[in-house]
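Enquirer: Take a look at the following structure, please.
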Amino acid sequence: MCGIIGVIDRHKQKMNGSGIKEALSLMNERGSGEGAGYAAYGIYPDFEDCYALHIFFDNLVEPKSKVDDIIQKWGRIVHQEEIPTKEQPNLKRNHVPWRYFFKPYTDLMPGSLTPDEDIVKYLVMEINSSAIEGALVFSSGKNMGVFKAAGWPEDVANFYKIDEYEGYIWLAHNRYPTNTPGWWGGAHPFNLLNWSVVHNGEITSYGTNQRYVESNGYQCTMFTDTEVVAYLFDLLGRHHELPSEIIVKAMAPPFWDEIDEMDDHERALNKAIRLTYGPALMNGPFAIVVATHNGIVGFTDRIKLRPLVVGEHGSRLYISSEEAAIRTMDPQVEDIHMPGAGEPVIGRVVT
Amino acid sequence: MSLGSVPLKYRIQIDRQQCMQCMRCVDNCSYGVFREEDDGNILIDSRKCTACHRCISMCPRDAINLSERPVDYRSHPLWTPEAREDVINQSRSGRIVLAGMGNAKDYPIIYDRLVLDACQVTNPSIDPLREPMELRTYLGQKPSKLDIRKQENGDFELNTKLSPNLELQTPIMIGHMSYGAISLNAQLSLAKAAAKTGTYMGTGEGGLHKDIYPYQDNMIVQVASGRFGVDINYLERGAAIEIKIGQGAKPGIGGHLPGEKVCTDVSCTRMIPAGSDAISPAPHHDIYSIEDLAQLVRGLKEATEWKKPVFVKIAAVHNVAAVAAGIARSSADAVVIDGFRGGTGASPKVFRDNVGIPIEAAVASVDQKLNDQGIRNKVSVIASGGIRNSADIAKSIALGADAVYIGTAALISMGCRVCGNCYRGLCPWGIATQREDLVSRLDPEVESEHVANLINSWTLELSELMGAAGINSIESLRGNRSRLRGYMLDEGTLDVLQVKPVGA
Ligand code: SF4
Ligand code: SF4
């Protein structure tokens, strides 16, 4: 189950959140009212150089002062505020969503090639691995943000006033939890730094993938298989600097039979990917859309056990579980098609 | 005063009504249980029986009956009959008691307390009959990351060079059993089976007989402390090289092939004089640290122009994880861990039954340690020692192994009845013997088929188990502890295995 939709405007023209809210709500059959969420890129132009840390606080006393302490140790809080919300009758408010605009002191991470990002990653892992009880970082990128809660898509959107945000990339997710509880932290999108992930499916290789990312300094604390996808993208994309096509090949590679048939160059490349990134290979039924500032990528598992539909219109590219959801957002959409199993669909910013 | 003899263990009886006096039992029992009397009657000396079942399987009239003799000692919880018999035997001989095959003590088997997972409803299982199921496994070093750049024309350029890896069509290999410990026909059967199934087998420390040369591409040549049969020709013929430090059935001690087993052919292959004892000492006399090991690893690589993976085999012992981490850093390509249930031709019984730790715990802790150090992907991990079926293999892989070695199971598929008398060189099945008449009982054509069938059927079962867990690629089973649950395992063991209890 679960409904996913992602859209990018390749010319970075902004869209407000009303369209994606409607599109997601159309897929209510794919959810259970236990989780929905949105991610939007380009929404904080006033603080575009700061990391926007979105944090759920159980209360604003103890956990918040601890979080204040730890992040102030590692950088400067440029601005902070409660994320504006509007109470919804059908949505039980469990946490206070808060946001910090934060600039790390890069000299505190000597030896790192990406010190500011490593500081933010460290803070996310530290706070979320229950070092600070009652606080959970659920979004940590620059000029982007995730908004999520346990509830129906419409209620969650209205709660966060999604209509009022303007972004050039949007992801949204309607959750049908099957193996973990419906809680705010468990709702999608999952995010680390600029990577956000929405996912429909169950990753049967979770144990292997989890161990792999953990051996590379990530900690899986959300009780769900989706967070591991965000970490894999961060590891392979940011640390290993692999292009997105290659990341997708690592996570959903061609079968050996297909690799055996390739020409020498392709075969060597694909073999190297499978050998090196075997523990990043993902199994089980899944359809995933991942976003970062310069694009989105959608792909399914290697035998396509979950649906994924792509549509285009002008500079916009849509990827969703359902054609109807895309049409709700953009009735004029053209070129509706379904990518093959494991075949990446990539939308890049081309300004 | 004499201590007298200990009671016999097995009783052989012939149903005289059924017996047609064909004398096949007399011919087949190499332990001399049966004797033909002048009047054509068969005399039985049950005391010599090892329960190897050769006579029973060859008797055309099903006339032979074998039973374990009931204990006739005063029962005692501590002083079991076995404990008392060992004392009596050692009081008489003043020697170390030898034993063949694996650990025969009644330790709980962890494999049997681990259960695998299967998909239901939300997560479809995969049908291996309709969908591709990938068990292809590569053993050897893997880089920790790749350098891939996108070129102007959109092509991807790979700038990382991979180390040589072994390609296996199934994660099941056949472990090292040397020519000397087993017969040439037995080795040939195994080698042919390895070639048929697209996998590898170990030569053991006995060198490589020229009759095995046609299968050299499927052979992993072993270098043990005795260096028997090791020269450049030997190293170059193997697909990979394995340095043997320890063995599960006898951690901490070396090997000993008695002179009686060193026939001309064995002497040539091992490069030692015929009839002389072949003793490989416990330590390699050039290895006293990881640095020394690294030198040997690199030396062997240098000798073979860095074209072959080098494995290092150790016995599963308490600090196996730390040792394995050292091996991973010695430029070795794979670490082989042999658990305390591993079989052997001959081991002091006290070692076989009391030294070492179970392979399940050893693999899990090695995998965890390598993972913690961020080098798990750098080396392959091979598990061996007491693997009895495809479920054991699936569980080993889920606990962190890349592949497994089977030994005793392969012998059983050639007829071995696990009688445990391998060290006596009289194996009636032609496996653990060099006596020509016995060796000729084993037909490599037929037996290689049996061994290949075993590997193929386990491979099929493994695909089914993976499919049930919604996994279509072996990489995704490796180290996937979330697909396992422990049943009636204590908290400490669960902790080492990193497995949750059932229901969790
Ligand atoms: S040793 Fe083997 S062949 Fe001989 S009697 Fe016993 S079971 Fe039969
Ligand atoms: S190999 Fe032969 S001697 Fe050894 S246990 Fe098997 S049947 Fe007995």
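Residues in the structure tokens are named by chain (A, B, ... in the order shown) and by number from 1 within that chain; ligands are numbered from 1 in the order shown.
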Give me the chain B side of the contact with ligand 2, cut-off 6 Å, one line per residue showing its nearest atom pair and distance in Å at one decimal, counting only C-alpha atoms and all ligand atoms, sorted by chain and residue number, as JSON lines.

Expert:
{"residue": "B:Cys52", "atom": "CA", "partner": "ligand 2", "partner_atom_place_in_ligand_line": "7 (S)", "distance": 5.3}
{"residue": "B:Cys416", "atom": "CA", "partner": "ligand 2", "partner_atom_place_in_ligand_line": "6 (Fe)", "distance": 3.7}
{"residue": "B:Arg417", "atom": "CA", "partner": "ligand 2", "partner_atom_place_in_ligand_line": "7 (S)", "distance": 4.6}
{"residue": "B:Val418", "atom": "CA", "partner": "ligand 2", "partner_atom_place_in_ligand_line": "5 (S)", "distance": 3.7}
{"residue": "B:Cys419", "atom": "CA", "partner": "ligand 2", "partner_atom_place_in_ligand_line": "5 (S)", "distance": 4.0}
{"residue": "B:Gly420", "atom": "CA", "partner": "ligand 2", "partner_atom_place_in_ligand_line": "5 (S)", "distance": 4.0}
{"residue": "B:Asn421", "atom": "CA", "partner": "ligand 2", "partner_atom_place_in_ligand_line": "3 (S)", "distance": 4.5}
{"residue": "B:Cys422", "atom": "CA", "partner": "ligand 2", "partner_atom_place_in_ligand_line": "4 (Fe)", "distance": 3.6}
{"residue": "B:Cys427", "atom": "CA", "partner": "ligand 2", "partner_atom_place_in_ligand_line": "3 (S)", "distance": 3.9}
{"residue": "B:Trp429", "atom": "CA", "partner": "ligand 2", "partner_atom_place_in_ligand_line": "2 (Fe)", "distance": 5.5}
{"residue": "B:Ile431", "atom": "CA", "partner": "ligand 2", "partner_atom_place_in_ligand_line": "1 (S)", "distance": 5.2}
{"residue": "B:Ala432", "atom": "CA", "partner": "ligand 2", "partner_atom_place_in_ligand_line": "1 (S)", "distance": 4.8}

Enquirer: May I have the residues within 9 Å of range 184-192 of chain A as an NGL selection string, using only C-alpha atoms and disregarding those fewer than 3 positions away in the same chain?

Expert: :A and (34-39 or 56 or 94-95 or 120-121 or 124 or 136-141 or 145-151 or 171-175 or 177 or 180-181 or 195-199 or 222-224 or 226-231 or 234)

Enquirer: Using only C-alpha atoms and all ligand atoms, find each protein or nucleic acid residue lying at most 10 Å from ligand 1; present the set as a VMD selection string.

Expert: chain B and resid 10 to 13 24 to 34 44 to 59 64 to 67 417 419 421 426 to 429

Enquirer: Can you tell me, as number ranges by chain, what residues are no more than 10 Å from Leu242 in chain A when counting only C-alpha atoms, ignoring any on the same chain fewer than 6 positions away?

Expert: A: 233, 235-236, 248, 250; B: 145-150

Enquirer: I need the contact residues of chain B against chain A, so if you could list those with any atom within 7 Å, counting only C-alpha atoms, and return them as a count of residues only, that would help.

Expert: 23

Enquirer: Given the choices B:Leu293, B:Ile382, B:Val502, B:Leu135, which gets closest to Thr459 in chain B if the distance is worked out from only C-alpha atoms?

Expert: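 Once distances to Thr459 in chain B are computed over only C-alpha atoms, the minimum belongs to B:Leu135.
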
Enquirer: Need to verify the contact set: range 100-110 of chain A, 7 Å, only C-alpha atoms, exclusion of same-chain residues closer than 2 positions in sequence. Can you return it as a VMD selection string?

Expert: chain A and resid 47 50 to 54 74 to 81 98 112 115 to 116 119

Enquirer: List every residue of range 2-213 of chain A that DSSP, applied to the backbone of this structure, assigns to helix (DSSP H, G or I), and report them as a ChimeraX atom specification.

Expert: /A:18-26,28-30,45-47,62-74,106-108,115-131,153-160,162-164,184-186,206-213
